[in-house]
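Novice: Below is the structure I would like to discuss, written out as structure tokens.
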Amino acid sequence: MDKTPVTVAVVEDEPDVLGAIAKVIGANPKLRLAYACSTAMEMMRWLARNPVDVLLVDLGLPDRPGTEVITLCRSLQPACEVMVLSIFGDAGHMVQAFEAGARGYLLKDGSEDELAKHVLHLRAGGSPMSPIIASQLLTRWQENSRKPAVAATLPGRKIDALSPRELEVLQLVSRGCTYQETGNHLSIAMTTVQAHVRNIYGKLDVHNKAEALFEARQLGLLD
Amino acid sequence: MPARRSLTALLCIGCWLALWAFGCHASPAVGPSTLDHAHFLLTEEALPPPDRSAWTEVTLPDNWSARRRDAQGTGWYRMTFNLDSVPDDGLAILVQRLSMNGEFFVNGIRVLSGGRMAKPVTRNWNNPLFVEVPRTVLRAGLNVLDIRLYTYRNNNGGLGTVRIGDPETLRAKHAFLHAVHVNGSIFSFAVALVAAFIGIVAWLRMGHDAMYGLFGLAMVAWAVRYANYFIQDVPLDQTAYAVVVNSAQGWFFIFFTQFLLRLTSRRWPLTERTLYLVGVLGTFGIYAAFQAWVSLSVVVGIWFFVWLPGAAALLVISACNAYKSRSILASLVAITAWLYVPLTVRELLITTNLFPFDASYIAHYVGMPLAVLISWMLIDRVVEAARSAAVADLASARAAFDERQRITQDMHDGLGLQLNAALRVVERGDIDRPKFAALLRGCLDELRLIVDSAASDSGEFLPLLASLRIRMQSKLESIGIAIHWQMQRFPDGLILPPGMSMQILRMVQEAINNTIKHARASVIDFQVVESRRPDHIAFVVRDNGIGFVPDASSTGRGLSGMQRRAAGVGVGLAVESSPRGTSIQIEIPDLRAK
């Protein structure tokens with residue numbers, strides 16, 4: 001493992017939360033705060049010029065939706081991991097964030113102490129998935145496989161076919177198993193379960209690089 | 001039903017026989033006379049050749065593909081007929097079929113030219129030629145009729161039977177034949193284009209589902225075929241044009257068979273690829289036949305591998321579909337399909353000289369109703385899909401509205417009460433900071449339950465409980481409590497009314513909070529157990545702590561609140577406690593649709 005600290009950028013409009021996050025990152029030798037701001041445009045402009053390892057995005061930003069920042073970051077810096085900050089971690093917003101390319105989430109409920117742990121975990125390949133999100137993905141996958149023609153005409157994204165193993169993982173997670181327990185059930189390592197979850201998120205990520213870059217140019221962020 | 005079925009079958013057979021007989025009609029009854037013998041000379045001359053040339057005897061119809069396969073270009077036919085006296089209104093000549101183009105000479109004088117006799121030759125193969133010969137050209141006694149014919153090699157060229165007689169009769173006959181051959185084809189061509197348009201629009205509207213595109217392509221193939229029935233001048237290279245139109249019916253079968261397979265939800269990629277392969281091979285084969293590299297029979301043999309499965313698919317699938325669905329539309333499609341296939345096979349036989357040269361191409365008169373019926377069916381589907389989407393939209397809007405109502409209610413019941421409690425604590429001046437923080441955390445927990453419940457589209461219960469477990473996992477771990485999750489036997493697909501779900505989750509949350517606060521436990525078990533009540537599903541939440549004694553301290557544990565919740569939504573609750581641990585057992589009515 002390399003010794004250089006993981007660089008983190010944060011965009012969050014609540015000053016208290018931003019302060020708490022900056023403090024936690026500052027206190028941890030394994031992390032380094034590269035940039036902090038409170039509007040989407042500032043972060044998008046900064047991302048166009050500066051590489052960073054991890055990006056923390058608040059979904060409820062004042063000027064533009066957080067998902068736009070995520071999409072842009074993913075197309076400009078594919079190596080950067082994106083984590084969303086949310087009060088509730090409600091499934092609707094989470095799935096949107098994952099579709100845009102996020103790979104993790106953190107709840108803004110005073111557990112910022114856990115932030116360091118979560119960021120390092122994300123960097124090491126771990127992506128959390130809640131049972132409700134898993135259950136939603138399963139439902140969506142079932143609908144899509146049953147009537148592809150009709151589903152394609154309805155709003156909402158199409159989800160690529162899931163492998164049988166991925167379906168098993170989703171089912172166990174939606175029934176409340178932790179990654180460790182899921183691994184035990186399927187006789188695979190926990191890291192393998194994590195990899196499956198990442199793949200599933202990857203299939204959600206219908207991110208269109210060209211589109212994102214076009215949008216960025218329109219906004220005058222790249223020149 | 002059986003009586004109606006046999007009547008339908010009889011009707012079909014009747015129609016089929018009538019059409020077959022009509023199409024076969026080549027020799028006329030009494031009246032005009034038919035010339036079916038002639039002398040033939042293969043020569044490029046533009047004027048009637050002299051008598052002393054090397055004429056050979058032939059019978060009409062004279063099909064070059066059969067009799068002189070490698071020949072191409074101009075040939076002459078000379079026939080004679082006797083007139084007792086020259087009729088006042090002249091004489092009419094009618095040829096039902098000649099290919100590709102011809103000129104008529106009576107007694108050495110040209111009376112009719114079908115158009116260009118050099119490449120690119122005017123295409124009159126499906127256009128019955130008719131001319132009224134004025135009396136000035138005719139003689140009493142022996143008259144000579146010369147027909148100059150231009151033929152393409154391997155293109156079913158030749159001269160059909162020649163009819164001569166009084167103008168009035170033959171004029172009427174010609175008008176009828178022209179309508180059937182030419183005008184009808186124009187109409188079918190138009191219908192095929194409209195059907196192709198419908199197919200393409202449906203393809204766009206149904207998420208680019210290939211099935212609709214295939215129907216559109218099949219109709220384009222038909223349009224090309226039927227255009228050939230009436231187009232006389234083609235601004236294209238003759239060989240290229242001939243390859244395209246002669247392969248059109250084969251390509252129709254290639255596209256239409258795949259359409260039928262997908263319509264009945266069969267994806268056979270191997271079959272589809274084979275069809276395309278044979279199609280490409282056959283199309284090239286037609287080109288090769290025109291260059292006289294291979295014989296026409298070989299090429300027809302190749303196309304057989306498209307026509308045979310195509311015809312079989314059309315017959316079998318339409319019949320099965322009619323039998324299964326018993327709708328009028330499906331029955332009509334089956335009837336037209338079963339009429340169409342023999343007629344189109346017959347046309348293939350005309351091409352291979354197994355059928356009279358003069359026979360008319362009439363399969364499209366059945367093909368067009370088929371195209372119309374299937375277009376109707378596809379339009380139905382598109383409309384239905386749009387309607388379902390609209391209904392689904394409405395249903396989800398309604399559901400969203402109901403959900404908002406429920407959330408408001410929930411927040412009032414759960415969150416409202418808790419916030420009020422917190423407020424009272426503050427206003428009392430009773431600010432015990434840890435206690436106040438705990439109250440606010442309780443509010444956040446409650447809000448999370450509400451948000452989870454709102455986020456779950458299906459209302460399935462297990463993921464909600466699972467979400468609670470995962471949320472509590474790290475907090476419990478950090479204070480030394482492990483969770484044993486043994487809920488494998490909990491059934492899938494149990495959907496509960498949101499009010500019931502919420503109350504059960506609140507009970508579980510309360511139990512866990514109690515364990516944290518009082519029990520000094522190290523393990524919390526979640527386990528499915530045998531239910532005491534019939535048609536109920538039960539699970540326990542159990543800790544291995546020190547337990548409690550009811551009465552004095554039970555108010556602090558909110559037990560009466562739990563009982564009230566359970567009773568309020570019709571859920572069973574049993575609490576047991578001993579120095580070895582505390583458990584709550586929750587009995588949920590099994591509401592899965594049976």
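Residues are referred to by chain and number: the chain letter is A, B, ... according to the order shown in the structure tokens, the number counts from 1 in that chain, and ligands are numbered separately from 1 in the order shown.
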Give me, as a PyMOL selection string, all polymer residues having an atom no more than 9 Å from Gly581 of chain B, counting only C-alpha atoms and skipping those fewer than 4 positions away in the same chain.

Specialist: chain B and resi 519+521+542-548+576-577

Novice: I'd like the neighbourhood of Met129 of chain A as an MDAnalysis selection string, where a residue qualifies if any of its atoms comes within 10 Å (using only C-alpha atoms), though same-chain residues fewer than 2 positions away should be ignored.

Specialist: (chainID A and resid 91 94 103:105 126:127 131:134 170 173:174 178:179 194 197:198 201) or (chainID B and resid 467 470)

Novice: Please run DSSP on the backbone and report, as a PDB file with C-alpha atoms, in the first residue's frame, all residues within segment 442-506 of chain B that come out as helix (DSSP H, G or I).

Specialist:
ATOM      1  CA  GLY B 442     -35.052   8.966  18.625  1.00  0.00           C
ATOM      2  CA  CYS B 443     -36.602  11.512  16.266  1.00  0.00           C
ATOM      3  CA  LEU B 444     -33.961  10.840  13.642  1.00  0.00           C
ATOM      4  CA  ASP B 445     -34.467   7.093  14.006  1.00  0.00           C
ATOM      5  CA  GLU B 446     -38.178   7.575  13.541  1.00  0.00           C
ATOM      6  CA  LEU B 447     -37.609   9.759  10.499  1.00  0.00           C
ATOM      7  CA  ARG B 448     -35.361   7.098   9.010  1.00  0.00           C
ATOM      8  CA  LEU B 449     -38.060   4.493   9.417  1.00  0.00           C
ATOM      9  CA  ILE B 450     -40.504   6.782   7.630  1.00  0.00           C
ATOM     10  CA  VAL B 451     -38.065   7.537   4.821  1.00  0.00           C
ATOM     11  CA  ASP B 452     -37.212   3.850   4.350  1.00  0.00           C
ATOM     12  CA  SER B 453     -40.858   2.945   4.228  1.00  0.00           C
ATOM     13  CA  ALA B 454     -41.533   5.706   1.692  1.00  0.00           C
ATOM     14  CA  ALA B 455     -38.552   4.660  -0.443  1.00  0.00           C
ATOM     15  CA  PHE B 461     -41.615  -5.963   4.763  1.00  0.00           C
ATOM     16  CA  LEU B 462     -38.372  -7.908   5.021  1.00  0.00           C
ATOM     17  CA  PRO B 463     -36.114  -5.299   3.336  1.00  0.00           C
ATOM     18  CA  LEU B 464     -37.443  -2.684   5.773  1.00  0.00           C
ATOM     19  CA  LEU B 465     -36.542  -4.809   8.782  1.00  0.00           C
ATOM     20  CA  ALA B 466     -33.246  -5.636   7.106  1.00  0.00           C
ATOM     21  CA  SER B 467     -32.541  -1.934   6.614  1.00  0.00           C
ATOM     22  CA  LEU B 468     -33.088  -1.349  10.332  1.00  0.00           C
ATOM     23  CA  ARG B 469     -30.683  -4.156  11.124  1.00  0.00           C
ATOM     24  CA  ILE B 470     -27.951  -2.808   8.850  1.00  0.00           C
ATOM     25  CA  ARG B 471     -28.369   0.686  10.273  1.00  0.00           C
ATOM     26  CA  MET B 472     -27.938  -0.572  13.819  1.00  0.00           C
ATOM     27  CA  GLN B 473     -25.075  -2.891  12.950  1.00  0.00           C
ATOM     28  CA  SER B 474     -22.076  -0.617  13.433  1.00  0.00           C
ATOM     29  CA  LYS B 475     -23.543   1.184  16.457  1.00  0.00           C
ATOM     30  CA  LEU B 476     -24.173  -2.130  18.205  1.00  0.00           C
ATOM     31  CA  GLU B 477     -20.766  -3.461  17.246  1.00  0.00           C
ATOM     32  CA  SER B 478     -19.100  -0.438  18.765  1.00  0.00           C
ATOM     33  CA  PRO B 498     -47.493   0.742   5.522  1.00  0.00           C
ATOM     34  CA  GLY B 499     -49.128   1.452   8.890  1.00  0.00           C
ATOM     35  CA  MET B 500     -48.552  -2.129  10.014  1.00  0.00           C
ATOM     36  CA  SER B 501     -44.945  -2.162   8.786  1.00  0.00           C
ATOM     37  CA  MET B 502     -44.179   1.049  10.634  1.00  0.00           C
ATOM     38  CA  GLN B 503     -45.583  -0.138  13.938  1.00  0.00           C
ATOM     39  CA  ILE B 504     -43.690  -3.429  13.779  1.00  0.00           C
ATOM     40  CA  LEU B 505     -40.467  -1.577  12.989  1.00  0.00           C
ATOM     41  CA  ARG B 506     -41.062   0.836  15.875  1.00  0.00           C
TER      42      ARG B 506
END

Novice: Which residues are close to segment 30-46 of chain B, i.e. within 9 Å by only C-alpha atoms, leaving aside same-chain residues fewer than 3 positions away? Reply as a PyMOL selection string.

Specialist: chain B and resi 27+49+53-61+71+73-81+148+160-166+169-170

Novice: I'd like the neighbourhood of segment 111-120 of chain B as a list in words, where a residue qualifies if any of its atoms comes within 6 Å (using only C-alpha atoms), though same-chain residues fewer than 2 positions away should be ignored.

Specialist: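 Returned residues: Asn101, Gly102, Glu103, Phe104, Phe105 and Thr122 of chain B.
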
Novice: Store the residues picked out above in a file with C-alpha atoms, as a short mmCIF file (atom, residue, chain, number, x, y, z; two decimals), in the first residue's frame.

Specialist:
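Done, and the output landed in result-v2.cif:
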data_model
loop_
_atom_site.label_atom_id
_atom_site.label_comp_id
_atom_site.auth_asym_id
_atom_site.auth_seq_id
_atom_site.Cartn_x
_atom_site.Cartn_y
_atom_site.Cartn_z
CA ASN B 101 -41.07 -6.28 -75.04
CA GLY B 102 -42.49 -6.76 -78.52
CA GLU B 103 -43.58 -5.20 -81.80
CA PHE B 104 -46.40 -6.44 -84.02
CA PHE B 105 -46.27 -6.42 -87.82
CA THR B 122 -39.34 -1.16 -72.03
#

Novice: Set the distance at 9 Å and use only C-alpha atoms: which residues neighbour Val57 of chain A once local chain neighbours fewer than 2 positions away are removed? I'd like the list as a compact mmCIF listing (two decimals) with N, CA and C atoms, in the first residue's frame.

Specialist:
# COMPACT_ATOMS: atom_id res chain seq x y z
N ALA A 9 -11.76 15.75 -1.76
CA ALA A 9 -12.40 17.04 -2.03
C ALA A 9 -13.84 16.95 -1.54
N VAL A 10 -14.36 18.05 -1.00
CA VAL A 10 -15.71 18.03 -0.43
C VAL A 10 -16.50 19.21 -0.96
N VAL A 11 -17.73 18.96 -1.39
CA VAL A 11 -18.64 20.06 -1.69
C VAL A 11 -19.90 19.85 -0.86
N GLU A 12 -20.17 20.78 0.02
CA GLU A 12 -21.26 20.67 0.99
C GLU A 12 -21.69 22.08 1.36
N ALA A 40 -21.86 23.79 -6.40
CA ALA A 40 -21.53 22.80 -7.43
C ALA A 40 -20.60 23.40 -8.49
N LEU A 55 -14.06 12.09 -3.85
CA LEU A 55 -14.89 13.29 -3.86
C LEU A 55 -16.12 13.03 -3.01
N LEU A 59 -25.89 15.97 -2.01
CA LEU A 59 -26.85 15.96 -3.10
C LEU A 59 -27.66 17.24 -3.16
N GLY A 60 -27.87 17.86 -2.02
CA GLY A 60 -28.73 19.03 -2.02
C GLY A 60 -27.95 20.34 -2.08
N LEU A 61 -27.29 20.59 -3.20
CA LEU A 61 -26.52 21.82 -3.33
C LEU A 61 -27.40 22.94 -3.87
N GLY A 66 -26.47 17.76 -7.20
CA GLY A 66 -25.22 17.07 -6.92
C GLY A 66 -24.91 16.01 -7.95
N THR A 67 -25.95 15.42 -8.55
CA THR A 67 -25.71 14.36 -9.53
C THR A 67 -24.93 14.88 -10.72
N VAL A 69 -22.51 17.07 -10.60
CA VAL A 69 -21.10 17.08 -10.19
C VAL A 69 -20.54 15.67 -10.29
N ILE A 70 -21.34 14.69 -9.86
CA ILE A 70 -20.88 13.30 -9.89
C ILE A 70 -20.60 12.88 -11.33
N VAL A 82 -16.38 8.52 -5.93
CA VAL A 82 -17.33 9.52 -5.47
C VAL A 82 -18.22 8.93 -4.38
N MET A 83 -18.39 9.75 -3.35
CA MET A 83 -19.24 9.33 -2.24
C MET A 83 -20.25 10.44 -2.01
N VAL A 84 -21.52 10.10 -1.79
CA VAL A 84 -22.49 11.16 -1.58
C VAL A 84 -22.76 11.34 -0.09
N LEU A 85 -23.07 12.56 0.27
CA LEU A 85 -23.44 12.87 1.64
C LEU A 85 -24.95 13.05 1.66
N SER A 86 -25.60 12.38 2.58
CA SER A 86 -27.05 12.49 2.59
C SER A 86 -27.53 12.42 4.03
